[in-house]
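Participant: Quick one: structure below, then a few questions.
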Amino acid sequence: MPYFLGIDTSNYTTSVALYDSDARKVFHRKKLLSVKQGSIGLKQSDAVFAHIKQLPGLVSSLVEETGVFSLRAVGVSVRPRDVEGSYMPCFLTGNTAASCIASIQGIPKYEFSHQAGHIMAALFSAGKMEFLQREFLCFHVSGGTTECLHVHPLKNGVFDVSIVARSLDLKAGQAIDRVGVMLGLPFPAGKYLDELSQKSNRVFRIHPTMKGADCCLSGIENQCKKRMEQGEKPEDIARYCIESVRAAIEEMTRQAFLICGELPVVYAGGVMSNSNIREYMTKRYPAFFAKPEFSSDNAAGIALLTASMERGDGACP
């Protein structure tokens, strides 16, 4: 059986994916967790409850589309990152479901980090699975993480990563969400802030706040609040916010090249689906971006990692 199931229950999205290793095709379903208007996040207890309600329907929809009932293995994200102490209760929902499926079908269950899933999904979507056999840089930029990682070849289904640069305070996704909510946009605000920013013709000269290779992003929210109080147009504030994040990502990229050499760079995470950042960076750097549906939270990378783990040789699954 060439079918591998991946499950990811992150802080914002419930997602499931099925990987057909013969056809090398991914089928996936995902649904954002509902957040009240004006809010900038969810309590973990609310996220867990939302996943419990959403996960069965997504699995049923995936089975209905593919007609697949028998699996070779199931994989699941059980922690945010591959570091000691990394934990969020929301991942318990997916882990419980994966354990049940593995027991009923008598198949292996593999556990991964949410971040590893992002890396794998980005490689697959960008058509760069050959990077599994070489070193590269990968940005994981979202509401919970803003990091540049030095990624070494895949070994036994697990990425060996080290942090090259990171945000020392607010994460990029947090800054975007807070500014978006400030402007009356729905949460999570990335998609809507991107659309609003495209209505602006303003050009900003932005010097990101850096400490070595690391960035500080908390000033973005403060500057946007000040601009709003001064009566600037919402679209101009949105553009300022996006370009401020982009400037920080660019400087982190430049610093990473100085530290690690000019390796190819893969950009993953929900923030990296932004059209402004994507267009700017691809024109200036050896940069590769996942498609938006593979860049935001998704289970595709978990399904692919599961197939790789089952093979056991670290090659393209």
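The chains in the structure tokens are called A, B, ... from first to last as shown; in each chain the residues are counted from 1, and the ligands are counted from 1 in the order shown.
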For Arg227 of chain A, please output as a list in words all residues within 12 Å (counting only C-alpha atoms; exclusion window: fewer than 4 positions along the same chain).

Facilitator: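 Surrounding residues, per the criterion: Val179, Met182, Leu183, Ile220, Glu221, Asn222, Gln223, Gly231, Glu232, Lys233, Pro234, Glu235, Asp236, Ile237, Ala238, Arg239, Tyr240 and Cys241 of chain A.
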
Participant: Which residue out of A:Gly190, A:Pro56, A:Gly75, A:Pro264 has the minimum interatomic distance to Lys109 of chain A when only C-alpha atoms are used?

Facilitator: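 Nearest candidate to Lys109 of chain A out of A:Gly190, A:Pro56, A:Gly75, A:Pro264: A:Gly75.
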
Participant: Give the helix (DSSP H, G or I) residues of segment 91-294 of chain A, as assigned by DSSP on the backbone, as number ranges by chain.

Facilitator: A: 91-105, 114-126, 129-133, 172-182, 190-197, 218-229, 234-260, 270-273, 275-284, 292-294

Participant: Keeping only C-alpha atoms, take the residues you just selected and write them out as a compact mmCIF listing (two decimals), in the first residue's frame.

Facilitator:
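Saved file selection-v7.txt follows:
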# COMPACT_ATOMS: atom_id res chain seq x y z
CA PHE A 91 -1.04 18.85 19.14
CA LEU A 92 -2.52 16.28 21.54
CA THR A 93 -5.67 16.12 19.42
CA GLY A 94 -3.84 14.98 16.30
CA ASN A 95 -1.60 12.64 18.27
CA THR A 96 -4.60 10.92 19.85
CA ALA A 97 -6.28 10.45 16.47
CA ALA A 98 -3.07 9.11 14.90
CA SER A 99 -2.62 6.61 17.75
CA CYS A 100 -6.17 5.31 17.26
CA ILE A 101 -5.72 4.94 13.50
CA ALA A 102 -2.38 3.16 13.91
CA SER A 103 -3.83 0.71 16.46
CA ILE A 104 -6.93 -0.10 14.40
CA GLN A 105 -5.01 -0.63 11.15
CA HIS A 114 5.24 21.02 13.21
CA GLN A 115 8.34 22.86 11.98
CA ALA A 116 9.74 19.76 10.25
CA GLY A 117 6.42 19.41 8.45
CA HIS A 118 6.68 22.98 7.20
CA ILE A 119 10.18 22.36 5.84
CA MET A 120 9.17 19.18 4.01
CA ALA A 121 5.98 20.69 2.57
CA ALA A 122 7.95 23.68 1.27
CA LEU A 123 10.52 21.44 -0.46
CA PHE A 124 7.79 19.36 -2.09
CA SER A 125 5.79 22.38 -3.25
CA ALA A 126 8.85 24.24 -4.56
CA MET A 129 13.09 17.51 -2.92
CA GLU A 130 16.71 17.00 -3.98
CA PHE A 131 17.60 19.34 -1.10
CA LEU A 132 16.96 16.35 1.17
CA GLN A 133 20.46 15.26 0.21
CA ALA A 172 6.42 38.20 12.15
CA GLY A 173 2.98 36.60 12.05
CA GLN A 174 2.10 38.18 15.38
CA ALA A 175 3.05 41.63 14.09
CA ILE A 176 0.97 41.14 10.94
CA ASP A 177 -2.02 39.79 12.86
CA ARG A 178 -1.94 42.58 15.44
CA VAL A 179 -1.74 45.29 12.80
CA GLY A 180 -4.46 43.58 10.76
CA VAL A 181 -6.84 43.41 13.74
CA MET A 182 -5.94 47.04 14.54
CA GLY A 190 -2.07 37.73 6.73
CA LYS A 191 -4.17 37.18 3.59
CA TYR A 192 -6.29 40.30 4.18
CA LEU A 193 -3.35 42.56 5.03
CA ASP A 194 -1.61 41.38 1.85
CA GLU A 195 -4.65 42.29 -0.24
CA LEU A 196 -5.03 45.68 1.48
CA SER A 197 -1.34 46.54 1.07
CA SER A 218 7.93 44.71 18.21
CA GLY A 219 8.49 48.22 16.85
CA ILE A 220 6.38 47.43 13.78
CA GLU A 221 3.16 47.31 15.80
CA ASN A 222 4.04 50.55 17.60
CA GLN A 223 4.88 52.38 14.36
CA CYS A 224 1.67 51.22 12.70
CA LYS A 225 -0.39 52.35 15.69
CA LYS A 226 1.28 55.76 15.53
CA ARG A 227 0.60 56.04 11.80
CA MET A 228 -3.05 55.14 12.32
CA GLU A 229 -3.38 57.81 15.01
CA PRO A 234 -5.20 51.77 6.07
CA GLU A 235 -3.64 50.49 2.85
CA ASP A 236 -0.48 52.53 3.49
CA ILE A 237 -0.23 51.21 7.05
CA ALA A 238 -0.69 47.67 5.73
CA ARG A 239 2.09 48.20 3.19
CA TYR A 240 4.39 49.66 5.84
CA CYS A 241 3.82 46.60 8.04
CA ILE A 242 4.50 44.11 5.23
CA GLU A 243 7.58 45.94 4.00
CA SER A 244 8.93 46.17 7.55
CA VAL A 245 8.67 42.38 7.89
CA ARG A 246 10.21 41.95 4.44
CA ALA A 247 13.14 44.21 5.33
CA ALA A 248 13.85 42.14 8.44
CA ILE A 249 13.66 38.86 6.50
CA GLU A 250 16.02 40.25 3.86
CA GLU A 251 18.59 41.35 6.43
CA MET A 252 18.37 38.00 8.23
CA THR A 253 18.99 36.32 4.85
CA ARG A 254 22.05 38.47 4.20
CA GLN A 255 23.44 37.73 7.64
CA ALA A 256 22.79 34.00 7.21
CA PHE A 257 24.82 34.05 3.99
CA LEU A 258 27.72 35.60 5.89
CA ILE A 259 27.52 32.88 8.54
CA CYS A 260 26.77 29.78 6.43
CA GLY A 270 2.18 31.32 6.60
CA VAL A 271 3.88 34.74 6.42
CA MET A 272 5.92 33.55 3.44
CA SER A 273 2.79 33.25 1.30
CA SER A 275 2.92 38.20 -2.48
CA ASN A 276 5.08 41.28 -1.77
CA ILE A 277 7.75 39.36 0.13
CA ARG A 278 7.75 36.46 -2.34
CA GLU A 279 8.18 38.68 -5.42
CA TYR A 280 10.89 40.83 -3.84
CA MET A 281 13.05 37.98 -2.50
CA THR A 282 12.87 35.73 -5.58
CA LYS A 283 14.21 38.57 -7.73
CA ARG A 284 17.26 39.15 -5.53
CA PRO A 292 0.47 29.39 -0.53
CA GLU A 293 -1.53 26.24 0.28
CA PHE A 294 1.71 24.47 1.24

Participant: Figure out the distance between atom CA of Thr9 of chain A and atom CA of Phe27 of chain A, please, to one decimal in Å.

Facilitator: 16.7 Å

Participant: Smallest atom-to-atom distance to Glu111 of chain A: which of A:Arg24, A:Gly38, A:Ile7, A:Cys90, using only C-alpha atoms?

Facilitator: A:Ile7

Participant: Using only C-alpha atoms, which residues sit within 12 Å of Ser15 of chain A once same-chain residues fewer than 3 positions away are excluded, as a ChimeraX atom specification?

Facilitator: /A:5-12,18,27-33,51-52,54-59,61-62,76-77,91,93-94,114,117,293-294,296-303

Participant: Using atom CA of Tyr267 of chain A and atom CA of Pro2 of chain A as the two end points, give the distance in Å to one decimal.

Facilitator: 28.6 Å

Participant: If you measure from atom CA of Phe288 of chain A to atom CA of Cys216 of chain A, what distance in Å do you get, rounded to one decimal?

Facilitator: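 According to the coordinates, atom CA of Phe288 of chain A and atom CA of Cys216 of chain A are separated by 24.2 Å.
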
Participant: Which of these, A:Gly312, A:Pro80, A:Gly67, A:Pro89, has the shortest distance to Val48 of chain A once you count only C-alpha atoms?

Facilitator: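 Nearest candidate to Val48 of chain A out of A:Gly312, A:Pro80, A:Gly67, A:Pro89: A:Pro89.
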
Participant: When you count only C-alpha atoms, which of these residues is closest to Ser113 of chain A: A:Val78, A:Arg166, A:Leu185, A:Ser34?

Facilitator: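 Closest to Ser113 of chain A, using only C-alpha atoms: A:Val78.
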
Participant: Which one is closest to Ile40 of chain A: A:Arg311, A:Gly143, A:Asp214, A:Pro208? Count only C-alpha atoms.

Facilitator: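 Looking at the shortest contact to Ile40 of chain A, the residue is A:Gly143.
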
Participant: Restricting the calculation to only C-alpha atoms, which member of A:Ser21, A:Gly127, A:Phe204, A:Leu217 is positioned closest to Lys291 of chain A?

Facilitator: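 Distance minimum relative to Lys291 of chain A lands on A:Gly127.
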
Participant: Could you give me, as an mmCIF file with C-alpha atoms, in the first residue's frame, the residues within 6 Å of His150 of chain A, counting only C-alpha atoms and dropping anything in the same chain fewer than 6 positions from it?

Facilitator:
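Result written to result34.cif:
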data_model
loop_
_atom_site.group_PDB
_atom_site.id
_atom_site.type_symbol
_atom_site.label_atom_id
_atom_site.label_comp_id
_atom_site.auth_asym_id
_atom_site.auth_seq_id
_atom_site.Cartn_x
_atom_site.Cartn_y
_atom_site.Cartn_z
ATOM 1 C CA LEU A 137 18.786 27.433 4.618
ATOM 2 C CA VAL A 161 18.613 21.863 12.061
ATOM 3 C CA SER A 162 20.388 24.672 13.862
#
